[in-house]
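*Asks:* Below you will find the structure I want to go over with you.
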Amino acid sequence: MMNRITVLLVDDHKLLRQGLRALLETEDDITIAGEAENGRQAVEMACSLRPDVVVMDIAMKHMNGLEATRQITRKCPLIKIVILSSYCDDDYVQHLTEAGAVGYLVKESGANDLSRALREVHKGNTFFSPSIAKRLLSQYRQSPGHAGVAPQRKHHLTSRENQVVQLVAEGQANKQIAAELTLSIKTVQKYRQQVMDKLNIHETAGLTRYAIAKGMVECNLQESVLQ
């Protein structure tokens, strides 16, 4: 019997999940193990279902795809993660591959690209949309590290700091964030200040704009916060 590739679909839009399910279920070697609508649910389902591959969106409530990718990679390192998102600039690709993603497709990709990506990552390879792969190759050739000099890394936010930023951008107060993350209010305040110092941001609206720019939350969720 053919070994089927089991897949967990993660996206906050039900219609898109249904479309992906219908598309992939036409493939003889792929089966859908489940669907999750946010990052937190994705982590729980990935650890319980143990699919071969997770197809992950980025901007979702409660926990974004970047943090979910980090947690799944840490807790279940054998699970492969393929990002499927409309966000595809260099920062997204860098952060998510560093977090453990082994594939990255833009949502405008052809129908065959996703099934091909699932098969490739299941075999232990990586898979990127052609436009992203071309940029990665160009960056590698132009990087100081490629010339024998270690490249200088940017200073990124920690996993916990990213969680706090997302919850702030979703409009939650310190007390709510503390309850959500099982932290004290003082600890949440400390994380907020650390983030603002790192990013040189001085108000909540600035944190919200940062979260939107990084794909942690969707812009239409935060219109009232930015006004």
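Just so we're on the same page: first chain in the structure tokens is A, next is B, and so on; residues restart at 1 for each chain, and ligands are numbered from 1 in the order they show up.
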List every residue of segment 58-177 of chain A that has an atom at most 7 Å from any atom of segment 184-206 of chain A, giving for each one its closest atom pair and the distance in Å to one decimal, counting only C-alpha atoms, sorted by chain and then by ascending residue number, as CSV.
*Replies:*
```
residue,atom,partner,partner_atom,distance
A:Glu161,CA,A:Tyr191,CA,6.1
A:Val164,CA,A:Arg192,CA,6.9
A:Asn174,CA,A:Ile185,CA,6.0
A:Lys175,CA,A:Ile185,CA,5.8
```
*Asks:* Restricting the output to N, CA and C atoms, write the selected residues as an mmCIF file, in the first residue's frame.
*Replies:*
```cif
data_model
loop_
_atom_site.group_PDB
_atom_site.id
_atom_site.type_symbol
_atom_site.label_atom_id
_atom_site.label_comp_id
_atom_site.auth_asym_id
_atom_site.auth_seq_id
_atom_site.Cartn_x
_atom_site.Cartn_y
_atom_site.Cartn_z
ATOM 1 N N GLU A 161 8.399 37.487 23.713
ATOM 2 C CA GLU A 161 8.175 38.881 23.322
ATOM 3 C C GLU A 161 7.227 38.955 22.125
ATOM 4 N N VAL A 164 3.671 38.496 23.347
ATOM 5 C CA VAL A 164 3.156 39.705 23.993
ATOM 6 C C VAL A 164 2.782 40.749 22.948
ATOM 7 N N ASN A 174 -2.944 44.546 29.776
ATOM 8 C CA ASN A 174 -1.916 43.782 30.487
ATOM 9 C C ASN A 174 -2.511 42.656 31.332
ATOM 10 N N LYS A 175 -3.628 42.921 31.995
ATOM 11 C CA LYS A 175 -4.262 41.915 32.849
ATOM 12 C C LYS A 175 -4.709 40.708 32.022
#
```
*Asks:* Would you please give, as a PyMOL selection string, all residues of segment 42-98 of chain A that DSSP assigns to helix (DSSP H, G or I) based on the backbone?
*Replies:* chain A and resi 42-49+65-75+90-98
*Asks:* Might you pull out every residue within 10 Å of segment 109-113 of chain A, with only C-alpha atoms counted and same-chain residues fewer than 6 positions away left off, and present them as number ranges by chain?
*Replies:* A: 20, 23-24, 84-86, 119, 127-130
*Asks:* Using 9 Å as the limit and counting only C-alpha atoms, can you tabulate each residue of segment 61-176 of chain A that touches segment 45-53 of chain A, with its shortest atom-to-atom distance in Å and the two atoms involved, as JSON lines?
*Replies:*
```
{"residue": "A:Ile72", "atom": "CA", "partner": "A:Ala46", "partner_atom": "CA", "distance": 7.0}
{"residue": "A:Lys75", "atom": "CA", "partner": "A:Cys47", "partner_atom": "CA", "distance": 7.3}
{"residue": "A:Cys76", "atom": "CA", "partner": "A:Cys47", "partner_atom": "CA", "distance": 6.5}
{"residue": "A:Leu78", "atom": "CA", "partner": "A:Asp52", "partner_atom": "CA", "distance": 7.7}
{"residue": "A:Ile79", "atom": "CA", "partner": "A:Asp52", "partner_atom": "CA", "distance": 5.3}
{"residue": "A:Lys80", "atom": "CA", "partner": "A:Val53", "partner_atom": "CA", "distance": 4.6}
{"residue": "A:Ile81", "atom": "CA", "partner": "A:Val53", "partner_atom": "CA", "distance": 5.6}
{"residue": "A:Val82", "atom": "CA", "partner": "A:Val53", "partner_atom": "CA", "distance": 7.1}
{"residue": "A:Leu118", "atom": "CA", "partner": "A:Val53", "partner_atom": "CA", "distance": 6.9}
{"residue": "A:Val121", "atom": "CA", "partner": "A:Val53", "partner_atom": "CA", "distance": 7.9}
{"residue": "A:His122", "atom": "CA", "partner": "A:Asp52", "partner_atom": "CA", "distance": 6.8}
```
*Asks:* Report the distance between atom CA of Ile132 of chain A and atom CA of Leu114 of chain A in Å, rounded to one decimal place.
*Replies:*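 The value is 14.5 Å.
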*Asks:* Please tabulate, as JSON lines, the residues of segment 57-117 of chain A that come within 12 Å of segment 169-173 of chain A, each with its closest pair of atoms and the distance in Å to one decimal, counting only C-alpha atoms and ordering rows by chain, then residue number upward.
*Replies:*
```
{"residue": "A:Ala59", "atom": "CA", "partner": "A:Glu170", "partner_atom": "CA", "distance": 11.4}
{"residue": "A:Met60", "atom": "CA", "partner": "A:Glu170", "partner_atom": "CA", "distance": 10.2}
{"residue": "A:Lys61", "atom": "CA", "partner": "A:Glu170", "partner_atom": "CA", "distance": 7.6}
{"residue": "A:His62", "atom": "CA", "partner": "A:Glu170", "partner_atom": "CA", "distance": 8.3}
{"residue": "A:Met63", "atom": "CA", "partner": "A:Glu170", "partner_atom": "CA", "distance": 10.4}
{"residue": "A:Asn64", "atom": "CA", "partner": "A:Glu170", "partner_atom": "CA", "distance": 11.2}
```
*Asks:* Suppose we keep C-alpha atoms; can you now write the selection as a PDB file, in the first residue's frame?
*Replies:*
```pdb
ATOM      1  CA  ALA A  59      -1.618  36.060  10.475  1.00  0.00           C
ATOM      2  CA  MET A  60      -4.077  34.464  12.906  1.00  0.00           C
ATOM      3  CA  LYS A  61      -5.667  35.371  16.234  1.00  0.00           C
ATOM      4  CA  HIS A  62      -4.422  34.040  19.599  1.00  0.00           C
ATOM      5  CA  MET A  63      -1.151  32.777  18.175  1.00  0.00           C
ATOM      6  CA  ASN A  64       0.355  33.635  14.809  1.00  0.00           C
TER       7      ASN A  64
END
```
*Asks:* Return the single residue from A:Gln18, A:Asn3, A:Ser159, A:Thr31 that is closest to Thr69 of chain A, with distances computed using only C-alpha atoms.
*Replies:* A:Ser159
*Asks:* Just to confirm, what's the straight-line distance from atom CA of His156 of chain A to atom CA of Glu120 of chain A in Å (one decimal)?
*Replies:*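 We find that atom CA of His156 of chain A and atom CA of Glu120 of chain A lie 29.4 Å from each other.
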*Asks:* At what distance in Å, to one decimal, does atom CA of Tyr92 of chain A lie from atom CA of Gly34 of chain A?
*Replies:*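 So the two atoms, atom CA of Gly34 of chain A and atom CA of Tyr92 of chain A, lie 25.3 Å apart.
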*Asks:* Could you find all residues in segment 26-106 of chain A that DSSP calls strand (DSSP E or B) from the backbone, and write them as a PyMOL selection string?
*Replies:* chain A and resi 30-36+53-56+80-85+103-106
